[in-house]
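One structure is given below, encoded as structure tokens.
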Amino acid sequence: MRWSASPAATAVVPHTGDDGNGSGAGRLPRPGFVVFRTMQATIEVRELRKRYGPTLAVDGMSFTVSPGRVTGFVGPNGAGKSTTMRMILGLDRPDEGSALVGGVAYHRLPNPLCQVGALLDAAAIHPARTARDHLLWLAHAGGLPARRVDEVIEQVGLTSAARRAAGGFSLGMRQRLGIAAALIGDPPVLMFDEPVNGLDPEGVRWIRGLLGSLAGEGRAVLVSSHLMSELEGSADHLVVVGRGRVIADRAVADLLAAASGGQVLLRTADRMAAMTVLTRAGATVAATDRDAVTVSGLPAERIVALLGEAGVSFSGIAEHRASLEEAYMELTRDAVEFGEV
Amino acid sequence: MSYRSTMSGRATFAGLLRAEWTKLRSVRRWALALGALVVLTVLVALLSAAGSNRVRSDDGGGGGQPAVVDNSVQDGGAFTHRTLTGDGTAQAQVTAQDASHEWAKAGLMLRAGEAHGSPYAALVVTPGHGVRLVSTVDDEIAGGTGGAPRWLKLERAGPTVTGYESADGTDWRQVGSVQLDDLPRDVLVGVYAGSAQRVEVVRQFGGESVDGRMTTGRATFAQVTVTGEGTDEWRTRDGEPADVAGQVTLTGEGDLGPDLFAEDVTNMTLTGILVGLIAVVAVAVLFVTAEYRRGMILTTFAATPRRGRVLAAKAVVLGGATLVAGTVAALTAYLIATPILASKGMPTRSLGDPEVLRAVLGTGPMVAAIALFSLGVAALFRRSTPAIAVVLLLLLVPQIVATGLPVAAAVWLDRLTPAAGFAIQQTVTRYDTAIDPLPGFAVLCCYAAVVLALAAWRLRRRDA
């Protein structure tokens with residue numbers, strides 16, 4: 001059932017003329033009633049702009065979060081990630097642009113909890129309230145059955161602490177409670193703002209697994225972080241932002257390949273001979289160490305072949321793999337240098 | 001292929017009410033604060049009842065036991081009377097009256113019985129304000145401006161009592177007539193003399209002292225006649241036999257009419273609510289600001305993007321809870337304190353009295369309206385400290401400074417601030433009564449409605 005993309009699933013939403021959200025409105029016939037099929041699990045952000053006083057927090061942000069994968073939303077603190085998420089949830093009103101969930105502005109979703117789940121701030125719980133009561137009011141507000149509360153508590157592993165006041169929770173437990181709140185309506189679109197923050201290594205592993213399985217079910221998952229390393233191994237796609245704009249929007253694999261730049265690290269005692277052979281074959285060779293050179297312009301297997309033919313011995317050869325962190329540093333260098341971030 | 005939720009929740013207003021109720025009940029100290037309203041109100045009522053003692057002497061009736069009477073009505077003075085069965089007329093000439101007080105009264109009185117506050121009509125002359133027809137039903141009716149000597153006549157026909165005055169005993173002029181419903185067939189009729197207290201009110205911040213000095217009214221009557229059935233035995237108020245043949249001189253203390261300086265005993269049993277209200281205001285404000293402080297408001301508004309509905313649900317839940325707490329507090333305080341006050345001879349009144357019932361049962365709605373006002377202020381300010389400060393300032397300061405201000409200023413302060421709502425707890429009209437109970441309550445409700453409407457408008461327009 002969970003995988004069903006039942007074409008019979010339809011929802012009727014009252015639609016009242018102007019939705020005040022610019023470009024997205026064109027998707028819906030109007031006026032009167034809109035009938036849409038099973039909601040596409042997407043988030044579409046188009047040319048969002050938001051200014052708080054003198055600060056331009058979001059400056060023309062555009063990206064799409066697609067179903068079935070984990071999209072990392074990365075950038076330094078103050079890059080506009082949280083603001084963008086707040087605008088997607090209809091909490092802050094954009095000055096320009098639009099943010100649509102499944103093609104619809106958030107405030108016109110018939111039951112938002114069943115369409116979008118969000119964790120914005122793990123500390124946003126009344127400390128005197130128990131975890132269960134916190135989720136219970138949320139369930140009531142969304143018209144969800146109370147049993148759903150126990151299900152999500154179990155899902156995030158808080159069953160033993162469910163009847164304790166949330167004020168005594170560790171940051172990791174609060175993150176789990178916040179994730180439970182996001183999952184309560186079993187929504188196809190999920191947003192987590194810095195969910196790894198404050199988790200212990202076991203918690204980090206748990207959340208990576210959770211993100212992967214949520215995306216694996218066909219949900220769209222947007223996860224923000226200011227540390228690229230936190231997303232390594234969990235994000236499939238990255239939206240890198242700086243100073244309120246998107247710097248890069250591409251698959252993790254592409255990003256790594258680009259950052260690696262096809263360089264090969266060669267370790268050899270006969271450095272001069274190797275450089276001669278490879279330069280003649282058209283490669284660019286730079287000495288990096290007393291017994292090592294960096295070769296670019298030739299694939300590793302060709303280098304091995306050339307050196308073999310010329311009888312140059314070598315003790316090691318490896319393709320250079322940039323870490324996600326390096327790729328990120330490369331991308332955000334400008335933003336960090338020139339921005340007030 | 002994209003995922004589809006297995007849930008099909010329908011967000012309804014009823015669900016929203018349950019959500020807000022869950023929020024309210026799940027923070028234990030909020031529930032305790034509402035309980036504290038009850039406990040504090042009852043405690044203050046008990047303390048003030050236990051510490052009270054009757055200062056003013058009772059101004060009528062005999063017997064050893066102090067009479068428990070409605071103190072909002074003055075019913076003093078000397079009254080020498082006989083019975084009158086059915087219709088009849090009483091007539092007398094007031095030949096002289098001491099100018100003991102400009103409102104000293106001398107003349108004829110007809111009343112249903114001896115009990116304090118029983119229905120009466122009296123046609124009197126006063127040294128300063130001419131002839132007056134005073135009664136328990138209507139406002140005073142003014143006659144001619146002349147005082148004693150003067151002829152007076154009181155005529156009873158069924159429930160109607162009509163007064164006439166004359167300068168010479170032949171040329172009569174009607175002063176007016178009043179309808180005394182429930183007048184029994186046998187009534188008391190006779191001559192009356194009384195004189196008001198000289199009242200000095202000292203007001204300072206934090207309280208007032210009302211100091212009354214009795215004055216003695218003295219008047220001489222001649223040709224006292226009563227025509228109609230009944231025993232022709234004349235008695236004083238103390239039951240002593242009296243003679244009205246020839247000249248009669250009466251001396252009496254006390255006055256007729258509403259007592260503008262009376263203590264509001266029922267109100268006293270309910271004032272404890274002021275102390276408990278501070279807890280209610282705190283809960284009402286925190287019910288909103290706690291969500292802003294922690295950022296939980298984002299979860300609330302993400303779950304319910306229609307923010308006006310969230311505010312409405314909060315208002316219904318908080319209004320209901322405080323209505324119940326306030327009603328329980330007022331009823332308990334009244335029911336516990338009243339017997340204690342009565343045992344000390346204080347003039348308590350029963351719940352059957354419509355004014356008392358309104359004061360006691362009106363306290364719950366008053367507490368609820370104050371809670372809603374606080375809720376609206378909190379939603380406007382979003383922060384606890386300014387919200388609580390503003391609400392308490394508007395509610396309590398008029399109560400505290402009112403006695404330190406001239407009466408005219410104090411009265412306007414009590415009319416224009418939300419504190420006007422406390423008027424619902426009044427059961428007597430006093431010299432410093434600012435506003436009637438229901439209009440006062442309406443002022444408070446207006447404040448609550450305006451602030452909530454403003455808050456709803458701001459919530460919709462501002463970023464969360």
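Residue numbers start at 1 in each chain; chains themselves are named A, B, ... in the order of the structure tokens; ligands are numbered from 1 in the order shown.
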With a distance cut-off of 12 Å and only C-alpha atoms, select the neighbouring residues of Asp59 (chain A), excluding the residue or stretch itself and same-chain residues fewer than 4 positions from it, and output the selection as number ranges by chain.
-> A: 45-52, 55, 79-81, 83-84, 94-97, 241-247
Selection to disk with N, CA, C and O atoms, as a JSON list (two decimals), in the first residue's frame:
[["chain", "number", "residue", "atom", "x", "y", "z"],
["A", 45, "VAL", "N", 11.06, 25.76, -5.59],
["A", 45, "VAL", "CA", 11.34, 27.12, -5.11],
["A", 45, "VAL", "C", 11.77, 27.94, -6.32],
["A", 45, "VAL", "O", 12.67, 27.55, -7.05],
["A", 46, "ARG", "N", 11.06, 29.04, -6.56],
["A", 46, "ARG", "CA", 11.33, 29.85, -7.75],
["A", 46, "ARG", "C", 11.59, 31.30, -7.39],
["A", 46, "ARG", "O", 10.70, 31.99, -6.91],
["A", 47, "GLU", "N", 12.80, 31.74, -7.63],
["A", 47, "GLU", "CA", 13.16, 33.16, -7.52],
["A", 47, "GLU", "C", 12.71, 33.78, -6.20],
["A", 47, "GLU", "O", 12.20, 34.89, -6.15],
["A", 48, "LEU", "N", 12.89, 33.03, -5.14],
["A", 48, "LEU", "CA", 12.48, 33.54, -3.83],
["A", 48, "LEU", "C", 13.39, 34.67, -3.39],
["A", 48, "LEU", "O", 14.62, 34.62, -3.56],
["A", 49, "ARG", "N", 12.78, 35.67, -2.81],
["A", 49, "ARG", "CA", 13.54, 36.80, -2.29],
["A", 49, "ARG", "C", 12.90, 37.23, -0.97],
["A", 49, "ARG", "O", 11.68, 37.28, -0.86],
["A", 50, "LYS", "N", 13.72, 37.48, 0.01],
["A", 50, "LYS", "CA", 13.19, 37.90, 1.30],
["A", 50, "LYS", "C", 14.19, 38.81, 2.00],
["A", 50, "LYS", "O", 15.36, 38.48, 2.13],
["A", 51, "ARG", "N", 13.69, 39.95, 2.42],
["A", 51, "ARG", "CA", 14.55, 40.93, 3.09],
["A", 51, "ARG", "C", 14.01, 41.13, 4.51],
["A", 51, "ARG", "O", 12.83, 41.25, 4.73],
["A", 52, "TYR", "N", 14.91, 41.09, 5.49],
["A", 52, "TYR", "CA", 14.55, 41.46, 6.86],
["A", 52, "TYR", "C", 15.27, 42.75, 7.18],
["A", 52, "TYR", "O", 16.48, 42.74, 7.40],
["A", 55, "THR", "N", 18.87, 43.43, 5.85],
["A", 55, "THR", "CA", 19.51, 42.18, 5.43],
["A", 55, "THR", "C", 18.71, 41.48, 4.35],
["A", 55, "THR", "O", 17.53, 41.18, 4.54],
["A", 79, "ALA", "N", 23.19, 31.65, 5.25],
["A", 79, "ALA", "CA", 23.09, 31.63, 3.79],
["A", 79, "ALA", "C", 21.64, 31.71, 3.32],
["A", 79, "ALA", "O", 21.39, 31.84, 2.12],
["A", 80, "GLY", "N", 20.69, 31.57, 4.24],
["A", 80, "GLY", "CA", 19.28, 31.68, 3.86],
["A", 80, "GLY", "C", 18.55, 30.35, 3.83],
["A", 80, "GLY", "O", 17.42, 30.29, 3.34],
["A", 81, "LYS", "N", 19.14, 29.30, 4.39],
["A", 81, "LYS", "CA", 18.50, 27.99, 4.35],
["A", 81, "LYS", "C", 17.22, 27.95, 5.19],
["A", 81, "LYS", "O", 16.17, 27.55, 4.71],
["A", 83, "THR", "N", 15.47, 30.43, 6.36],
["A", 83, "THR", "CA", 14.48, 31.37, 5.83],
["A", 83, "THR", "C", 13.72, 30.76, 4.67],
["A", 83, "THR", "O", 12.50, 30.87, 4.57],
["A", 84, "THR", "N", 14.46, 30.08, 3.79],
["A", 84, "THR", "CA", 13.82, 29.44, 2.64],
["A", 84, "THR", "C", 12.82, 28.39, 3.11],
["A", 84, "THR", "O", 11.70, 28.30, 2.62],
["A", 94, "PRO", "N", 7.20, 35.50, 1.29],
["A", 94, "PRO", "CA", 8.30, 35.97, 0.43],
["A", 94, "PRO", "C", 8.00, 37.37, -0.11],
["A", 94, "PRO", "O", 6.84, 37.71, -0.36],
["A", 95, "ASP", "N", 9.06, 38.17, -0.28],
["A", 95, "ASP", "CA", 8.87, 39.46, -0.93],
["A", 95, "ASP", "C", 8.61, 39.24, -2.42],
["A", 95, "ASP", "O", 7.81, 39.95, -3.03],
["A", 96, "GLU", "N", 9.31, 38.26, -2.98],
["A", 96, "GLU", "CA", 9.10, 37.93, -4.39],
["A", 96, "GLU", "C", 9.25, 36.43, -4.53],
["A", 96, "GLU", "O", 9.85, 35.77, -3.71],
["A", 97, "GLY", "N", 8.76, 35.92, -5.67],
["A", 97, "GLY", "CA", 8.95, 34.52, -5.98],
["A", 97, "GLY", "C", 7.92, 33.64, -5.32],
["A", 97, "GLY", "O", 6.99, 34.11, -4.67],
["A", 241, "VAL", "N", 24.18, 26.61, -1.19],
["A", 241, "VAL", "CA", 23.78, 28.01, -1.20],
["A", 241, "VAL", "C", 24.79, 28.87, -0.44],
["A", 241, "VAL", "O", 25.52, 28.40, 0.43],
["A", 242, "GLY", "N", 24.83, 30.11, -0.84],
["A", 242, "GLY", "CA", 25.66, 31.10, -0.16],
["A", 242, "GLY", "C", 25.06, 32.46, -0.43],
["A", 242, "GLY", "O", 24.57, 32.71, -1.52],
["A", 243, "ARG", "N", 25.05, 33.28, 0.58],
["A", 243, "ARG", "CA", 24.51, 34.63, 0.47],
["A", 243, "ARG", "C", 23.12, 34.66, -0.18],
["A", 243, "ARG", "O", 22.85, 35.47, -1.07],
["A", 244, "GLY", "N", 22.27, 33.74, 0.20],
["A", 244, "GLY", "CA", 20.88, 33.78, -0.25],
["A", 244, "GLY", "C", 20.66, 33.30, -1.67],
["A", 244, "GLY", "O", 19.55, 33.43, -2.19],
["A", 245, "ARG", "N", 21.70, 32.76, -2.31],
["A", 245, "ARG", "CA", 21.52, 32.28, -3.69],
["A", 245, "ARG", "C", 22.01, 30.85, -3.81],
["A", 245, "ARG", "O", 22.79, 30.37, -3.01],
["A", 246, "VAL", "N", 21.56, 30.18, -4.88],
["A", 246, "VAL", "CA", 22.03, 28.83, -5.14],
["A", 246, "VAL", "C", 23.37, 28.92, -5.88],
["A", 246, "VAL", "O", 23.48, 29.58, -6.90],
["A", 247, "ILE", "N", 24.37, 28.26, -5.33],
["A", 247, "ILE", "CA", 25.69, 28.26, -5.97],
["A", 247, "ILE", "C", 25.83, 27.02, -6.86],
["A", 247, "ILE", "O", 26.38, 27.09, -7.95]]
Can you write out as JSON lines which residues of chain B fall within 9 Å of chain A, alongside each residue's closest atom pair and its distance in Å to one decimal, counting only C-alpha atoms and ordering rows by chain and ascending residue number?
{"residue": "B:Met1", "atom": "CA", "partner": "A:Gly218", "partner_atom": "CA", "distance": 6.3}
{"residue": "B:Ser2", "atom": "CA", "partner": "A:Gly218", "partner_atom": "CA", "distance": 4.7}
{"residue": "B:Tyr3", "atom": "CA", "partner": "A:Gly218", "partner_atom": "CA", "distance": 4.7}
{"residue": "B:Arg4", "atom": "CA", "partner": "A:Pro188", "partner_atom": "CA", "distance": 5.6}
{"residue": "B:Ser5", "atom": "CA", "partner": "A:Asp186", "partner_atom": "CA", "distance": 5.1}
{"residue": "B:Thr6", "atom": "CA", "partner": "A:Asp186", "partner_atom": "CA", "distance": 6.4}
{"residue": "B:Met7", "atom": "CA", "partner": "A:Gly185", "partner_atom": "CA", "distance": 6.0}
{"residue": "B:Ser8", "atom": "CA", "partner": "A:Cys114", "partner_atom": "CA", "distance": 7.0}
{"residue": "B:Gly9", "atom": "CA", "partner": "A:Gly143", "partner_atom": "CA", "distance": 4.6}
{"residue": "B:Arg10", "atom": "CA", "partner": "A:Gly143", "partner_atom": "CA", "distance": 4.8}
{"residue": "B:Ala11", "atom": "CA", "partner": "A:Gly143", "partner_atom": "CA", "distance": 4.6}
{"residue": "B:Thr12", "atom": "CA", "partner": "A:Gly143", "partner_atom": "CA", "distance": 6.6}
{"residue": "B:Phe13", "atom": "CA", "partner": "A:Ala141", "partner_atom": "CA", "distance": 8.2}
{"residue": "B:Ala14", "atom": "CA", "partner": "A:His140", "partner_atom": "CA", "distance": 8.6}
{"residue": "B:Gly15", "atom": "CA", "partner": "A:His140", "partner_atom": "CA", "distance": 4.9}
{"residue": "B:Leu16", "atom": "CA", "partner": "A:Ala141", "partner_atom": "CA", "distance": 4.6}
{"residue": "B:Leu17", "atom": "CA", "partner": "A:Ala141", "partner_atom": "CA", "distance": 7.9}
{"residue": "B:Arg18", "atom": "CA", "partner": "A:His140", "partner_atom": "CA", "distance": 6.0}
{"residue": "B:Ala19", "atom": "CA", "partner": "A:Trp137", "partner_atom": "CA", "distance": 4.1}
{"residue": "B:Glu20", "atom": "CA", "partner": "A:Trp137", "partner_atom": "CA", "distance": 6.8}
{"residue": "B:Trp21", "atom": "CA", "partner": "A:Trp137", "partner_atom": "CA", "distance": 8.0}
{"residue": "B:Thr22", "atom": "CA", "partner": "A:Trp137", "partner_atom": "CA", "distance": 5.5}
{"residue": "B:Lys23", "atom": "CA", "partner": "A:Trp137", "partner_atom": "CA", "distance": 6.3}
{"residue": "B:Ser26", "atom": "CA", "partner": "A:Arg129", "partner_atom": "CA", "distance": 5.7}
{"residue": "B:Val27", "atom": "CA", "partner": "A:Arg129", "partner_atom": "CA", "distance": 5.5}
{"residue": "B:Arg28", "atom": "CA", "partner": "A:Ala128", "partner_atom": "CA", "distance": 7.2}
{"residue": "B:Arg29", "atom": "CA", "partner": "A:Ala128", "partner_atom": "CA", "distance": 8.4}
{"residue": "B:Ala290", "atom": "CA", "partner": "A:His126", "partner_atom": "CA", "distance": 7.3}
{"residue": "B:Glu291", "atom": "CA", "partner": "A:His126", "partner_atom": "CA", "distance": 7.4}
{"residue": "B:Tyr292", "atom": "CA", "partner": "A:Ala124", "partner_atom": "CA", "distance": 8.9}
{"residue": "B:Arg293", "atom": "CA", "partner": "A:Ala124", "partner_atom": "CA", "distance": 8.4}
{"residue": "B:Arg294", "atom": "CA", "partner": "A:Ala124", "partner_atom": "CA", "distance": 4.7}
{"residue": "B:Gly295", "atom": "CA", "partner": "A:Ala124", "partner_atom": "CA", "distance": 4.8}
{"residue": "B:Met296", "atom": "CA", "partner": "A:Ala124", "partner_atom": "CA", "distance": 4.6}
{"residue": "B:Ile297", "atom": "CA", "partner": "A:Ala124", "partner_atom": "CA", "distance": 8.2}
{"residue": "B:Leu298", "atom": "CA", "partner": "A:Leu91", "partner_atom": "CA", "distance": 6.9}
{"residue": "B:Thr299", "atom": "CA", "partner": "A:Ala124", "partner_atom": "CA", "distance": 8.0}
{"residue": "B:Thr300", "atom": "CA", "partner": "A:Leu138", "partner_atom": "CA", "distance": 7.6}
{"residue": "B:Phe301", "atom": "CA", "partner": "A:Leu91", "partner_atom": "CA", "distance": 7.0}
{"residue": "B:Ala302", "atom": "CA", "partner": "A:Leu89", "partner_atom": "CA", "distance": 6.1}
{"residue": "B:Ala303", "atom": "CA", "partner": "A:Leu113", "partner_atom": "CA", "distance": 5.8}
{"residue": "B:Thr304", "atom": "CA", "partner": "A:Ala141", "partner_atom": "CA", "distance": 7.1}
{"residue": "B:Pro305", "atom": "CA", "partner": "A:His107", "partner_atom": "CA", "distance": 5.4}
{"residue": "B:Arg306", "atom": "CA", "partner": "A:His107", "partner_atom": "CA", "distance": 7.5}
{"residue": "B:Arg461", "atom": "CA", "partner": "A:Arg93", "partner_atom": "CA", "distance": 8.7}
{"residue": "B:Arg462", "atom": "CA", "partner": "A:Asp92", "partner_atom": "CA", "distance": 7.8}
{"residue": "B:Asp463", "atom": "CA", "partner": "A:Asp92", "partner_atom": "CA", "distance": 4.5}
{"residue": "B:Ala464", "atom": "CA", "partner": "A:Leu91", "partner_atom": "CA", "distance": 5.2}
Residues within 7 Å of region 362-374 of chain B, only C-alpha atoms, excluding chain neighbours under 3 positions, as a PyMOL selection string | chain B and resi 280-281+284-285+315+319+322-324+326-327+330+358-359+377-378+391+421+424-425+441+444-445+447-448+451
Which one of A:Met85, A:Ala286, A:Ala281, A:Leu266 sits closest to Asp193 (chain A) if you count only C-alpha atoms?
->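 Among the listed residues, A:Met85 lies closest to Asp193 (chain A).
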For region 222-234 of chain A, please output as a ChimeraX atom specification all residues within 10 Å (counting only C-alpha atoms; exclusion window: fewer than 2 positions along the same chain).
-> /A:42-43,64-67,69-79,81-82,85,118-120,189-197,204-205,207-212,215,219-220,236-241,252,323-329
Residue list (alpha helix (DSSP H), DSSP) for region 104-185 of chain A, as a ChimeraX atom specification = /A:131-141,147-155,171-183
Do you know which residues are at most 9 Å from Pro398 (chain B) counting only C-alpha atoms, after dropping those on the same chain fewer than 5 positions away, and could you put them as JSON, numbers by chain?
-> {"B": [393, 403, 410, 413, 414, 417, 419]}
Selection: 8 Å around Gly257 (chain B), only C-alpha atoms, excl. self and same-chain fewer than 2 positions, as a PyMOL selection string = chain B and resi 73-75+134-136+255+259
Would you mind exporting all heavy atoms of the selected residues as a PDB file, in the first residue's frame?
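Saved to again_29.pdb:
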ATOM      1  N   VAL B  73     -29.971  49.637  51.988  1.00  0.00           N
ATOM      2  CA  VAL B  73     -31.129  50.505  52.134  1.00  0.00           C
ATOM      3  C   VAL B  73     -31.152  51.040  53.558  1.00  0.00           C
ATOM      4  O   VAL B  73     -31.033  50.288  54.517  1.00  0.00           O
ATOM      5  CB  VAL B  73     -32.429  49.714  51.863  1.00  0.00           C
ATOM      6  CG1 VAL B  73     -33.634  50.597  52.101  1.00  0.00           C
ATOM      7  CG2 VAL B  73     -32.428  49.185  50.449  1.00  0.00           C
ATOM      8  N   GLN B  74     -31.308  52.347  53.704  1.00  0.00           N
ATOM      9  CA  GLN B  74     -31.436  52.929  55.033  1.00  0.00           C
ATOM     10  C   GLN B  74     -32.909  52.937  55.403  1.00  0.00           C
ATOM     11  O   GLN B  74     -33.766  53.250  54.595  1.00  0.00           O
ATOM     12  CB  GLN B  74     -30.936  54.361  55.033  1.00  0.00           C
ATOM     13  CG  GLN B  74     -29.488  54.500  54.607  1.00  0.00           C
ATOM     14  CD  GLN B  74     -29.084  55.946  54.673  1.00  0.00           C
ATOM     15  OE1 GLN B  74     -28.609  56.419  55.694  1.00  0.00           O
ATOM     16  NE2 GLN B  74     -29.318  56.653  53.586  1.00  0.00           N
ATOM     17  N   ASP B  75     -33.159  52.555  56.655  1.00  0.00           N
ATOM     18  CA  ASP B  75     -34.555  52.518  57.098  1.00  0.00           C
ATOM     19  C   ASP B  75     -34.566  52.909  58.572  1.00  0.00           C
ATOM     20  O   ASP B  75     -34.969  52.142  59.435  1.00  0.00           O
ATOM     21  CB  ASP B  75     -35.133  51.114  56.857  1.00  0.00           C
ATOM     22  CG  ASP B  75     -36.645  51.092  56.989  1.00  0.00           C
ATOM     23  OD1 ASP B  75     -37.237  52.155  57.262  1.00  0.00           O
ATOM     24  OD2 ASP B  75     -37.219  50.010  56.821  1.00  0.00           O
ATOM     25  N   VAL B 134     -41.056  59.878  49.293  1.00  0.00           N
ATOM     26  CA  VAL B 134     -40.012  58.856  49.126  1.00  0.00           C
ATOM     27  C   VAL B 134     -40.635  57.486  49.348  1.00  0.00           C
ATOM     28  O   VAL B 134     -41.579  57.341  50.125  1.00  0.00           O
ATOM     29  CB  VAL B 134     -38.821  59.075  50.092  1.00  0.00           C
ATOM     30  CG1 VAL B 134     -38.131  60.386  49.791  1.00  0.00           C
ATOM     31  CG2 VAL B 134     -39.269  59.029  51.534  1.00  0.00           C
ATOM     32  N   SER B 135     -40.066  56.487  48.632  1.00  0.00           N
ATOM     33  CA  SER B 135     -40.627  55.141  48.761  1.00  0.00           C
ATOM     34  C   SER B 135     -39.578  54.117  48.378  1.00  0.00           C
ATOM     35  O   SER B 135     -38.493  54.466  47.927  1.00  0.00           O
ATOM     36  CB  SER B 135     -41.841  55.002  47.847  1.00  0.00           C
ATOM     37  OG  SER B 135     -41.400  55.019  46.509  1.00  0.00           O
ATOM     38  N   THR B 136     -39.917  52.866  48.558  1.00  0.00           N
ATOM     39  CA  THR B 136     -38.985  51.791  48.217  1.00  0.00           C
ATOM     40  C   THR B 136     -39.022  51.449  46.734  1.00  0.00           C
ATOM     41  O   THR B 136     -38.222  50.652  46.283  1.00  0.00           O
ATOM     42  CB  THR B 136     -39.306  50.519  49.024  1.00  0.00           C
ATOM     43  OG1 THR B 136     -40.719  50.388  49.093  1.00  0.00           O
ATOM     44  CG2 THR B 136     -38.736  50.590  50.416  1.00  0.00           C
ATOM     45  N   ASP B 255     -32.065  57.623  58.388  1.00  0.00           N
ATOM     46  CA  ASP B 255     -32.657  58.202  57.181  1.00  0.00           C
ATOM     47  C   ASP B 255     -33.380  57.120  56.394  1.00  0.00           C
ATOM     48  O   ASP B 255     -33.326  55.937  56.720  1.00  0.00           O
ATOM     49  CB  ASP B 255     -31.538  58.829  56.338  1.00  0.00           C
ATOM     50  CG  ASP B 255     -32.058  59.852  55.346  1.00  0.00           C
ATOM     51  OD1 ASP B 255     -33.264  60.160  55.380  1.00  0.00           O
ATOM     52  OD2 ASP B 255     -31.248  60.332  54.538  1.00  0.00           O
ATOM     53  N   ASP B 259     -28.480  53.700  50.795  1.00  0.00           N
ATOM     54  CA  ASP B 259     -27.311  54.148  51.525  1.00  0.00           C
ATOM     55  C   ASP B 259     -26.132  54.197  50.571  1.00  0.00           C
ATOM     56  O   ASP B 259     -25.602  53.162  50.152  1.00  0.00           O
ATOM     57  CB  ASP B 259     -27.010  53.178  52.671  1.00  0.00           C
ATOM     58  CG  ASP B 259     -25.846  53.664  53.515  1.00  0.00           C
ATOM     59  OD1 ASP B 259     -25.229  54.680  53.132  1.00  0.00           O
ATOM     60  OD2 ASP B 259     -25.574  53.028  54.541  1.00  0.00           O
TER      61      ASP B 259
END
Excluding Gly246 (chain B) and residues on its chain fewer than 3 positions from it, collect all residues at most 8 Å away from it, counting only C-alpha atoms, and give them as JSON, numbers by chain.
-> {"B": [222, 223, 224]}
Just how far from CA of Ala258 (chain A) is CA of Met272 (chain A), in Å to one decimal?
->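 Distance reported for this atom pair: 28.9 Å.
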Report the residues of region 196-301 of chain B whose backbone DSSP state falls under strand (DSSP E), written as a PyMOL selection string.
-> chain B and resi 198-204+207-213+216-229+234-235+241-242+247-253+256-258
Between CA of Ala142 (chain B) and CA of Leu154 (chain B), what is the distance, to one decimal in Å?
->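 Separating CA of Ala142 (chain B) from CA of Leu154 (chain B) is a distance of 14.8 Å.
Taking CA of Val42 (chain B) and CA of Gly276 (chain B) as the two end points, the separation is 9.4 Å.
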Find the residue from B:Ala45, B:Ala449, B:Ile400, B:Ala455 that sits nearest to Arg203 (chain B); use only C-alpha atoms when measuring.
->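 Going through B:Ala45, B:Ala449, B:Ile400, B:Ala455 one by one, the smallest distance to Arg203 (chain B) is for B:Ile400.
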